[in-house]
$ cat my_file27.cif   # mmCIF, C-alpha atoms and all ligand atoms
data_query
loop_
_atom_site.label_atom_id
_atom_site.label_comp_id
_atom_site.auth_asym_id
_atom_site.auth_seq_id
_atom_site.Cartn_x
_atom_site.Cartn_y
_atom_site.Cartn_z
CA MET A 1 35.77 -32.01 84.04
CA THR A 2 34.82 -29.24 81.63
CA GLN A 3 37.41 -26.55 80.92
CA PRO A 4 36.52 -22.98 82.00
CA THR A 5 35.71 -20.72 79.05
CA ARG A 6 38.83 -19.03 77.71
CA ARG A 7 38.75 -15.24 78.20
CA VAL A 8 40.43 -13.37 75.36
CA LEU A 9 40.95 -9.63 75.07
CA VAL A 10 41.51 -8.31 71.55
CA LEU A 11 43.07 -4.85 71.43
CA GLY A 12 41.43 -4.01 68.13
CA GLY A 13 38.91 -6.43 66.67
CA THR A 14 37.11 -3.93 64.44
CA GLY A 15 39.57 -4.07 61.52
CA TRP A 16 39.94 -6.64 58.76
CA LEU A 17 42.27 -9.14 60.43
CA GLY A 18 40.92 -8.36 63.90
CA ARG A 19 37.38 -9.32 62.91
CA ALA A 20 38.60 -12.55 61.34
CA ILE A 21 40.41 -13.42 64.58
CA VAL A 22 37.33 -12.62 66.66
CA ASP A 23 35.13 -14.77 64.40
CA ASP A 24 37.48 -17.71 64.92
CA LEU A 25 37.80 -17.13 68.66
CA LEU A 26 34.02 -17.18 68.98
CA ALA A 27 33.80 -20.33 66.88
CA ASP A 28 36.42 -21.84 69.18
CA GLY A 29 34.17 -21.14 72.18
CA ALA A 30 36.16 -18.26 73.68
CA ASP A 31 34.62 -15.41 75.62
CA VAL A 32 35.81 -12.40 73.59
CA THR A 33 36.13 -8.77 74.60
CA CYS A 34 37.49 -6.19 72.15
CA LEU A 35 38.72 -2.71 72.88
CA ALA A 36 38.66 -0.18 70.04
CA ARG A 37 37.11 3.15 69.12
CA GLY A 38 34.74 1.45 66.70
CA LEU A 39 35.89 3.74 63.87
CA SER A 40 37.09 0.85 61.71
CA GLY A 41 33.78 -0.97 62.07
CA ASP A 42 31.89 -3.07 64.55
CA VAL A 43 32.94 -6.33 66.18
CA PRO A 44 31.36 -9.62 65.14
CA GLU A 45 28.14 -10.55 66.90
CA GLY A 46 28.87 -12.46 70.06
CA ALA A 47 31.91 -10.39 71.06
CA ARG A 48 31.77 -7.55 73.56
CA LEU A 49 33.14 -4.17 72.45
CA ILE A 50 34.57 -1.73 74.95
CA ARG A 51 34.48 1.51 73.00
CA ALA A 52 37.49 3.58 73.99
CA ASP A 53 40.16 5.73 72.40
CA ARG A 54 43.47 4.45 73.70
CA LEU A 55 45.04 7.86 73.11
CA LEU A 56 42.88 9.26 75.90
CA PRO A 57 43.74 8.86 79.59
CA GLY A 58 41.81 6.13 81.40
CA ALA A 59 40.90 4.31 78.17
CA LEU A 60 41.82 0.95 79.70
CA ASP A 61 40.07 1.53 83.04
CA GLN A 62 37.01 -0.33 81.80
CA VAL A 63 39.03 -3.52 81.27
CA SER A 64 38.79 -5.63 84.40
CA GLY A 65 39.90 -9.10 85.40
CA THR A 66 42.53 -11.46 84.09
CA TRP A 67 42.93 -12.82 80.56
CA ASP A 68 43.99 -16.11 79.06
CA ASP A 69 45.24 -14.25 76.00
CA VAL A 70 45.59 -10.62 74.99
CA ILE A 71 45.92 -10.04 71.25
CA GLU A 72 47.44 -6.68 70.31
CA LEU A 73 46.88 -5.46 66.73
CA ALA A 74 48.12 -1.90 67.08
CA HIS A 75 51.72 -0.70 66.93
CA ALA A 76 51.95 3.02 67.77
CA PRO A 77 53.92 3.35 71.03
CA GLU A 78 51.26 5.63 72.49
CA LEU A 79 48.77 2.76 72.11
CA VAL A 80 51.06 -0.17 72.91
CA VAL A 81 52.75 1.16 76.07
CA PRO A 82 49.64 2.10 78.11
CA ALA A 83 48.09 -1.27 77.26
CA LEU A 84 51.16 -3.03 78.64
CA ASP A 85 51.12 -0.81 81.73
CA ALA A 86 47.52 -1.77 82.41
CA LEU A 87 47.42 -5.38 81.33
CA ALA A 88 50.83 -7.08 81.10
CA ASP A 89 50.51 -8.51 84.61
CA ARG A 90 46.97 -9.74 84.03
CA ALA A 91 47.56 -11.89 80.94
CA ALA A 92 48.62 -15.54 80.93
CA HIS A 93 49.63 -15.18 77.26
CA TRP A 94 50.14 -12.19 74.98
CA THR A 95 50.05 -12.21 71.18
CA LEU A 96 51.54 -9.26 69.34
CA VAL A 97 50.67 -9.04 65.66
CA SER A 98 53.80 -7.58 64.08
CA THR A 99 54.98 -7.81 60.45
CA VAL A 100 57.82 -9.02 58.23
CA SER A 101 58.45 -5.32 57.53
CA VAL A 102 60.51 -5.28 60.76
CA TYR A 103 63.48 -6.83 58.94
CA ALA A 104 66.34 -4.53 57.99
CA ARG A 105 67.29 -6.42 54.81
CA ASN A 106 65.25 -7.84 51.99
CA ASP A 107 68.14 -9.29 50.00
CA GLU A 108 68.50 -12.61 51.85
CA PRO A 109 66.03 -15.14 50.43
CA GLY A 110 65.13 -17.77 53.04
CA ALA A 111 66.13 -15.58 56.02
CA ASP A 112 64.50 -16.68 59.27
CA GLU A 113 63.30 -14.85 62.39
CA SER A 114 66.86 -14.24 63.63
CA ALA A 115 67.54 -11.80 60.76
CA LEU A 116 68.57 -8.27 61.65
CA LEU A 117 65.75 -5.83 62.44
CA VAL A 118 65.33 -2.20 61.42
CA GLU A 119 66.93 0.10 64.00
CA PRO A 120 64.00 2.32 64.98
CA SER A 121 64.58 6.04 64.66
CA ASP A 122 61.12 7.36 63.83
CA PRO A 123 58.22 5.82 65.80
CA THR A 124 55.74 7.24 63.30
CA GLU A 125 57.22 4.91 60.65
CA TYR A 126 55.40 1.57 60.44
CA ALA A 127 58.45 -0.69 60.62
CA ASP A 128 60.11 1.34 63.37
CA ALA A 129 56.93 1.33 65.46
CA LYS A 130 56.52 -2.42 65.02
CA VAL A 131 60.12 -3.05 66.15
CA LEU A 132 59.55 -0.80 69.17
CA ALA A 133 56.28 -2.60 69.93
CA GLU A 134 58.08 -5.94 69.78
CA ARG A 135 60.87 -4.77 72.07
CA THR A 136 58.64 -3.06 74.62
CA THR A 137 56.22 -5.95 74.72
CA ARG A 138 59.00 -8.48 75.12
CA SER A 139 60.49 -6.49 78.00
CA ARG A 140 57.13 -6.45 79.78
CA VAL A 141 55.63 -9.82 78.92
CA GLY A 142 58.79 -11.89 78.56
CA SER A 143 58.30 -15.62 78.23
CA ARG A 144 54.51 -15.33 77.81
CA LEU A 145 54.85 -13.57 74.45
CA LEU A 146 54.14 -14.71 70.92
CA VAL A 147 55.29 -12.28 68.24
CA ALA A 148 53.59 -13.13 64.95
CA ARG A 149 55.15 -11.51 61.89
CA PRO A 150 52.71 -11.86 58.98
CA GLY A 151 53.77 -11.29 55.42
CA LEU A 152 51.29 -9.81 52.95
CA ILE A 153 47.81 -10.80 54.09
CA ALA A 154 45.43 -11.72 51.27
CA GLY A 155 41.75 -12.53 51.23
CA PRO A 156 38.25 -11.20 50.72
CA GLY A 157 37.68 -7.69 52.05
CA ASP A 158 41.36 -6.64 52.09
CA PRO A 159 41.20 -2.87 52.70
CA SER A 160 44.61 -2.34 51.05
CA ASP A 161 43.35 -3.63 47.65
CA ARG A 162 46.78 -5.05 46.79
CA PHE A 163 46.46 -8.77 46.15
CA GLY A 164 42.95 -8.37 44.70
CA TYR A 165 44.24 -6.06 41.96
CA TRP A 166 45.50 -9.07 39.98
CA PRO A 167 42.42 -11.31 40.03
CA ALA A 168 40.28 -8.24 39.29
CA ARG A 169 42.56 -7.11 36.46
CA PHE A 170 42.88 -10.50 34.77
CA ASP A 171 39.13 -10.99 35.12
CA ARG A 172 38.49 -7.81 33.12
CA GLY A 173 40.36 -9.40 30.21
CA GLY A 174 42.46 -7.87 27.43
CA PRO A 175 46.26 -7.39 27.43
CA VAL A 176 47.57 -6.99 30.97
CA LEU A 177 50.54 -4.83 31.92
CA VAL A 178 52.84 -6.81 34.22
CA PRO A 179 56.38 -6.45 35.53
CA THR A 180 59.00 -8.89 34.30
CA THR A 181 58.90 -12.02 36.43
CA ALA A 182 62.50 -13.31 36.45
CA GLY A 183 63.92 -13.36 39.97
CA ARG A 184 60.65 -12.28 41.57
CA SER A 185 58.30 -14.04 43.91
CA VAL A 186 55.08 -13.58 45.82
CA GLN A 187 54.55 -14.70 49.41
CA VAL A 188 51.19 -14.22 51.08
CA ILE A 189 49.07 -15.66 53.83
CA ASP A 190 45.32 -15.99 53.54
CA VAL A 191 43.59 -13.93 56.22
CA ALA A 192 41.56 -16.98 57.26
CA ASP A 193 44.69 -19.14 57.69
CA LEU A 194 46.40 -16.42 59.70
CA ALA A 195 43.39 -15.92 61.99
CA ALA A 196 42.99 -19.68 62.51
CA TRP A 197 46.65 -20.06 63.46
CA LEU A 198 46.65 -17.07 65.82
CA VAL A 199 43.63 -18.46 67.63
CA ARG A 200 45.19 -21.92 67.96
CA ALA A 201 48.55 -20.47 68.99
CA GLY A 202 46.87 -18.48 71.77
CA ARG A 203 44.93 -21.51 72.96
CA ASP A 204 48.15 -23.57 73.03
CA ARG A 205 50.07 -20.67 74.64
CA LEU A 206 52.67 -20.78 71.92
CA VAL A 207 55.53 -18.35 72.52
CA GLY A 208 58.48 -17.02 70.55
CA THR A 209 58.73 -15.19 67.26
CA VAL A 210 57.27 -16.61 64.08
CA ASN A 211 57.01 -15.38 60.49
CA ALA A 212 53.37 -16.01 59.64
CA VAL A 213 53.79 -16.56 55.91
CA GLY A 214 52.76 -18.99 53.23
CA PRO A 215 55.24 -20.58 50.83
CA ALA A 216 56.93 -18.27 48.34
CA VAL A 217 55.89 -18.84 44.72
CA SER A 218 57.53 -17.33 41.68
CA THR A 219 55.71 -14.32 40.27
CA ALA A 220 55.37 -16.25 36.99
CA GLU A 221 53.53 -19.04 38.85
CA PHE A 222 51.39 -16.46 40.62
CA PHE A 223 50.30 -14.90 37.31
CA GLU A 224 49.66 -18.38 35.89
CA ALA A 225 47.44 -19.22 38.88
CA VAL A 226 45.46 -16.00 38.48
CA ARG A 227 45.17 -16.52 34.71
CA ALA A 228 43.86 -20.05 35.23
CA VAL A 229 41.27 -18.99 37.80
CA THR A 230 40.06 -16.04 35.70
CA ASP A 231 40.24 -17.90 32.33
CA HIS A 232 42.37 -15.06 31.00
CA ASP A 233 43.70 -15.88 27.53
CA ASP A 234 45.04 -12.58 26.26
CA GLU A 235 48.60 -11.26 26.24
CA LEU A 236 50.72 -10.37 29.28
CA VAL A 237 52.79 -7.32 28.40
CA ALA A 238 55.92 -7.61 30.55
CA VAL A 239 57.79 -4.34 30.95
CA GLU A 240 61.21 -3.70 32.51
CA ASP A 241 61.40 -1.83 35.82
CA ASP A 242 63.15 1.27 34.46
CA VAL A 243 60.44 1.72 31.81
CA LEU A 244 57.63 1.28 34.33
CA LEU A 245 59.28 3.73 36.70
CA ALA A 246 59.76 6.23 33.86
CA HIS A 247 55.98 6.09 33.39
CA ASP A 248 55.48 6.79 37.09
CA VAL A 249 54.28 3.27 37.81
CA ARG A 250 55.02 2.53 41.45
CA TYR A 251 56.20 -0.53 43.32
CA TRP A 252 54.16 -2.63 45.76
CA ALA A 253 51.08 -0.63 46.80
CA GLY A 254 48.97 2.48 46.55
CA PRO A 255 47.78 4.58 43.61
CA ARG A 256 49.56 4.07 40.24
CA SER A 257 51.22 0.89 41.51
CA LEU A 258 51.55 -2.59 40.17
CA PRO A 259 50.73 -4.25 43.48
CA LEU A 260 53.14 -6.86 44.87
CA TRP A 261 55.83 -5.71 42.40
CA ILE A 262 59.14 -5.17 44.23
CA PRO A 263 62.68 -4.57 42.99
CA VAL A 264 64.55 -7.80 42.25
CA SER A 265 67.20 -6.65 44.76
CA ASP A 266 64.50 -6.91 47.47
CA ALA A 267 63.37 -10.38 46.40
CA GLY A 268 64.03 -11.75 49.88
CA PHE A 269 61.05 -9.74 51.16
CA ALA A 270 58.77 -12.31 49.57
CA GLN A 271 60.93 -15.35 50.34
CA ARG A 272 61.00 -15.45 54.13
CA SER A 273 61.55 -18.75 55.89
CA THR A 274 58.32 -20.57 56.73
CA ALA A 275 60.03 -23.24 58.87
CA ALA A 276 59.07 -21.79 62.27
CA PHE A 277 55.48 -21.22 61.15
CA VAL A 278 55.11 -24.77 59.85
CA GLY A 279 56.81 -26.08 63.00
CA ALA A 280 54.32 -24.09 65.08
CA GLY A 281 51.38 -25.81 63.39
CA GLY A 282 50.80 -23.09 60.77
CA ARG A 283 48.85 -24.33 57.77
CA THR A 284 48.13 -22.47 54.56
CA ARG A 285 45.65 -23.27 51.82
CA PRO A 286 46.86 -23.55 48.22
CA LEU A 287 47.38 -20.12 46.63
CA ARG A 288 44.77 -20.99 44.02
CA ASP A 289 42.10 -21.21 46.74
CA THR A 290 42.93 -17.70 47.95
CA VAL A 291 42.75 -16.42 44.37
CA VAL A 292 39.31 -18.03 44.00
CA ARG A 293 38.07 -16.47 47.26
CA VAL A 294 39.43 -13.06 46.34
CA LEU A 295 38.07 -13.17 42.79
CA GLU A 296 34.58 -13.85 44.12
CA ASP A 297 34.91 -10.87 46.46
CA GLU A 298 36.34 -8.63 43.72
CA ARG A 299 33.45 -9.52 41.39
CA ALA A 300 30.95 -8.76 44.15
CA ARG A 301 32.61 -5.39 44.80
CA GLY A 302 33.12 -4.61 41.08
CA THR A 303 36.38 -5.35 39.27
CA ASP A 304 36.45 -1.87 37.75
CA ARG A 305 35.75 0.01 40.99
CA GLY A 306 38.11 2.69 42.27
CA ARG A 307 40.71 1.06 44.48
CA ARG A 308 43.48 1.93 46.91
CA ALA A 309 46.16 0.03 45.03
CA GLY A 310 46.91 -0.44 41.36
CA LEU A 311 46.58 1.30 38.05
CA THR A 312 43.17 2.50 36.93
CA PRO A 313 42.08 1.06 33.55
CA ALA A 314 42.90 4.43 31.92
CA GLU A 315 46.34 4.60 33.53
CA GLU A 316 47.16 1.06 32.45
CA ARG A 317 45.95 1.74 28.87
CA ALA A 318 48.15 4.84 28.65
CA VAL A 319 51.24 2.88 29.73
CA LEU A 320 50.42 0.01 27.35
CA VAL A 321 50.07 2.43 24.42
CA ALA A 322 53.33 4.16 25.33
CA VAL A 323 55.40 0.98 25.68
CA ARG A 324 54.18 -0.75 22.53
N1 LIG B 401 47.59 -6.08 55.75
C1 LIG B 401 48.73 -6.74 55.68
O1 LIG B 401 49.12 -7.26 54.63
C2 LIG B 401 49.58 -6.88 56.94
C3 LIG B 401 50.83 -7.48 56.84
C4 LIG B 401 51.58 -7.69 58.01
C5 LIG B 401 51.06 -7.31 59.24
N2 LIG B 401 49.84 -6.70 59.29
C6 LIG B 401 49.29 -6.35 60.63
O2 LIG B 401 48.04 -7.00 60.75
C7 LIG B 401 47.21 -6.23 61.60
C8 LIG B 401 45.92 -5.86 60.88
O3 LIG B 401 44.95 -5.51 61.81
P1 LIG B 401 43.43 -5.14 61.42
O4 LIG B 401 43.19 -5.53 60.00
O5 LIG B 401 42.53 -5.70 62.45
O6 LIG B 401 43.30 -3.57 61.45
P2 LIG B 401 44.23 -2.39 61.82
O7 LIG B 401 43.55 -1.21 61.31
O8 LIG B 401 45.61 -2.57 61.38
O9 LIG B 401 44.15 -2.56 63.43
C9 LIG B 401 44.15 -1.57 64.28
C10 LIG B 401 43.08 -1.81 65.35
O10 LIG B 401 43.41 -0.92 66.37
C11 LIG B 401 42.27 -0.12 66.66
N3 LIG B 401 42.70 1.24 67.02
C12 LIG B 401 43.41 2.10 66.25
N4 LIG B 401 43.58 3.27 66.91
C13 LIG B 401 42.98 3.13 68.12
C14 LIG B 401 42.81 3.98 69.24
N5 LIG B 401 43.30 5.22 69.27
N6 LIG B 401 42.14 3.50 70.31
C15 LIG B 401 41.63 2.25 70.31
N7 LIG B 401 41.75 1.40 69.28
C16 LIG B 401 42.42 1.83 68.19
C17 LIG B 401 41.42 -0.09 65.41
O11 LIG B 401 40.04 0.04 65.73
P3 LIG B 401 39.21 1.41 65.63
O12 LIG B 401 39.66 2.14 64.40
O13 LIG B 401 37.79 0.92 65.55
O14 LIG B 401 39.51 2.16 66.88
C18 LIG B 401 41.69 -1.51 64.83
O15 LIG B 401 40.74 -2.44 65.34
C19 LIG B 401 48.01 -5.00 62.01
O16 LIG B 401 48.70 -5.29 63.20
C20 LIG B 401 48.99 -4.89 60.85
O17 LIG B 401 50.14 -4.17 61.18
C21 LIG B 401 49.10 -6.47 58.18
#
$ encode --input "my_file27.cif" --output "structure tokens" --more "lines below"
Ligand SMILES: NC(=O)c1ccc[n+]([C@@H]2O[C@H](COP(=O)([O-])OP(=O)(O)OC[C@H]3O[C@@H](n4cnc5c(N)ncnc54)[C@H](OP(=O)(O)O)[C@@H]3O)[C@@H](O)[C@H]2O)c1
Amino acid sequence: MTQPTRRVLVLGGTGWLGRAIVDDLLADGADVTCLARGLSGDVPEGARLIRADRLLPGALDQVSGTWDDVIELAHAPELVVPALDALADRAAHWTLVSTVSVYARNDEPGADESALLVEPSDPTEYADAKVLAERTTRSRVGSRLLVARPGLIAGPGDPSDRFGYWPARFDRGGPVLVPTTAGRSVQVIDVADLAAWLVRAGRDRLVGTVNAVGPAVSTAEFFEAVRAVTDHDDELVAVEDDVLLAHDVRYWAGPRSLPLWIPVSDAGFAQRSTAAFVGAGGRTRPLRDTVVRVLEDERARGTDRGRRAGLTPAEERAVLVAVR
């Protein structure tokens, strides 16, 4: 007997990860409906888009029927709560895309999903809102819920421009300003691996809470991998944190940052346990493959383009001159 087509509702589906999930759902034969304003983009061909602003009353009225899986990508309480009110009782399985930023401490390398969470005090803060979304969704969906907590997502088209800074920078050649690497690591998941796992997890009605992360690698290994892929053969100029900070170079993300750089005291942020993910069938490609995919995308978009994260070539040159 043939199985009925799986009906999946994606709350989102127009953003970077959302589109990757929808692509995989369609490839998996699901009947996919997305609900979003359409401001972040369109949905992949083959999916239905209900255009609605969830901040407005009645936004979910157009969603009818029951669902094999609902995948929630948003986190603001004013988006999450009305969706649960309207749909929690009509979903056989619910997937909430959360984040490893929900954890209160980043100084416990290897910590698993039972680690202490941030105590939410400001729902406009990302981590607080994600914790609230987890709690509210769990209270409404209970044993039908999968909470996926991705670490840094990497891959072609990343709108945050973080991971891609390094392949783009090494590919431009010349001496590269880097943080010191001792005691530091990098832990990412390729957007394609994350999407594939979320789709499979929904199909298998997997429940519980899972860090969706790849293996941690030392920052030195990460730079070596990027150097190898880009054939970079010039100097790496490693500079201590206090010197970088004195030159207004910022941690982790955004303008004037060295992306993925975090204080050594927070090294546990990029060393989360992968055991639950692996146990739940999560598979990740070798880091090198992600670097190759991202480099191709960075070259297509221009490795010297303006970006949301990292130092501009002029900013990096100024710091290099000052520290030498
Ligand atoms: N990037 C990372 O490294 C990272 C790491 C950990 C976790 N995450 C999580 O991964 C997910 C990424 O999702 P994403 O890339 O698909 O994009 P996103 O921008 O984070 O997703 C938000 C989705 O919600 C929709 N939306 C926002 N406001 C809305 C409104 N008022 N009414 C209706 N829809 C609304 C957006 O569509 P429209 O704008 O078209 O309405 C979009 O499709 C997020 O949950 C993020 O927290 C990301």
$ axis_aligned_box --input "my_file27.cif" --around "ligand LIG 401 (chain B)" --padding-each-side "3 Å" --output "JSON"
{"center_x": 44.7, "center_y": -1.2, "center_z": 62.5, "size_x": 19.8, "size_y": 18.9, "size_z": 21.7}
$ closest_residue --input "my_file27.cif" --among "A:Arg285, A:Arg205, A:Arg227, A:Arg169" --to "A:Arg299" --atoms "all atoms listed in the file"
A:Arg169
$ residues_around --input "my_file27.cif" --residues "stretch 208-220 of chain A" --least-positions-apart "4" --cutoff "6 Å" --atoms "only C-alpha atoms" --output "list in words"
Leu146, Val147, Ala148, Arg149, Pro150, Gly151, Thr181, Arg184, Ser185, Val186, Gln187, Val188, Ile189, Gln271, Ala276, Phe277 and Thr284 of chain A
$ closest_residue --input "my_file27.cif" --among "A:Asp158, A:Glu108, A:Asp24, A:Asp69" --to "ligand LIG 401 (chain B)" --atoms "all atoms listed in the file"
A:Asp158
$ residues_near_ligand --input "my_file27.cif" --ligand "ligand LIG 401 (chain B)" --cutoff "7 Å" --atoms "only C-alpha atoms and all ligand atoms" --output "ChimeraX atom specification"
/A:11-19,35-41,52-55,73-75,79,97-100,149-154,160
$ residues_around --input "my_file27.cif" --residues "A:Leu258" --least-positions-apart "6" --cutoff "9 Å" --atoms "only C-alpha atoms" --output "PDB file with C-alpha atoms, in the frame of the given file"
ATOM      1  CA  ARG A 162      46.780  -5.050  46.790  1.00  0.00           C
ATOM      2  CA  TYR A 165      44.240  -6.060  41.960  1.00  0.00           C
ATOM      3  CA  TRP A 166      45.500  -9.070  39.980  1.00  0.00           C
ATOM      4  CA  LEU A 177      50.540  -4.830  31.920  1.00  0.00           C
ATOM      5  CA  VAL A 178      52.840  -6.810  34.220  1.00  0.00           C
ATOM      6  CA  PRO A 179      56.380  -6.450  35.530  1.00  0.00           C
ATOM      7  CA  VAL A 249      54.280   3.270  37.810  1.00  0.00           C
ATOM      8  CA  ARG A 250      55.020   2.530  41.450  1.00  0.00           C
ATOM      9  CA  TYR A 251      56.200  -0.530  43.320  1.00  0.00           C
ATOM     10  CA  TRP A 252      54.160  -2.630  45.760  1.00  0.00           C
ATOM     11  CA  ALA A 309      46.160   0.030  45.030  1.00  0.00           C
ATOM     12  CA  GLY A 310      46.910  -0.440  41.360  1.00  0.00           C
ATOM     13  CA  LEU A 311      46.580   1.300  38.050  1.00  0.00           C
TER      14      LEU A 311
END
$ closest_residue --input "my_file27.cif" --among "A:Gly110, A:Pro82, A:Gly281, A:Pro167" --to "A:Phe223" --atoms "all atoms listed in the file"
A:Pro167
$ atom_distance --input "my_file27.cif" --atom1 "atom CA of A:Leu87" --atom2 "atom CA of A:Pro123"
22.0 Å
$ atom_distance --input "my_file27.cif" --atom1 "atom CA of A:Ala115" --atom2 "atom CA of A:Ala267"
15.0 Å
$ atom_distance --input "my_file27.cif" --atom1 "atom CA of A:Glu119" --atom2 "atom CA of A:Val102"
9.0 Å
$ closest_residue --input "my_file27.cif" --among "A:His93, A:Arg7, A:Arg105, A:His232" --to "A:Asp204" --atoms "only C-alpha atoms"
A:His93
$ residues_around --input "my_file27.cif" --residues "A:Ala111" --least-positions-apart "2" --cutoff "10 Å" --atoms "all atoms listed in the file" --output "list in words"
Tyr103, Arg105, Asn106, Asp107, Glu108, Pro109, Glu113, Ser114, Ala115, Leu116, Gly268, Phe269, Gln271, Arg272, Ser273 and Thr274 of chain A
$ closest_residue --input "my_file27.cif" --among "A:Val131, A:Leu194, A:Val199, A:Ala88" --to "A:Arg144" --atoms "all atoms listed in the file"
A:Ala88
$ residues_near_point --input "my_file27.cif" --point "(38.4, -13.9, 26.8)" --cutoff "7 Å" --atoms "all atoms listed in the file" --output "VMD selection string"
chain A and resid 173 232 to 234
$ closest_residue --input "my_file27.cif" --among "A:Pro4, A:Gly174, A:Gly202, A:Pro263" --to "A:Thr230" --atoms "only C-alpha atoms"
A:Gly174
$ residues_around --input "my_file27.cif" --residues "A:Ala47" --least-positions-apart "5" --cutoff "9 Å" --atoms "all atoms listed in the file" --output "short mmCIF file (atom, residue, chain, number, x, y, z; two decimals) with C-alpha atoms, in the frame of the given file"
data_model
loop_
_atom_site.label_atom_id
_atom_site.label_comp_id
_atom_site.auth_asym_id
_atom_site.auth_seq_id
_atom_site.Cartn_x
_atom_site.Cartn_y
_atom_site.Cartn_z
CA VAL A 22 37.33 -12.62 66.66
CA ASP A 23 35.13 -14.77 64.40
CA LEU A 26 34.02 -17.18 68.98
CA ASP A 31 34.62 -15.41 75.62
CA VAL A 32 35.81 -12.40 73.59
CA THR A 33 36.13 -8.77 74.60
CA CYS A 34 37.49 -6.19 72.15
#
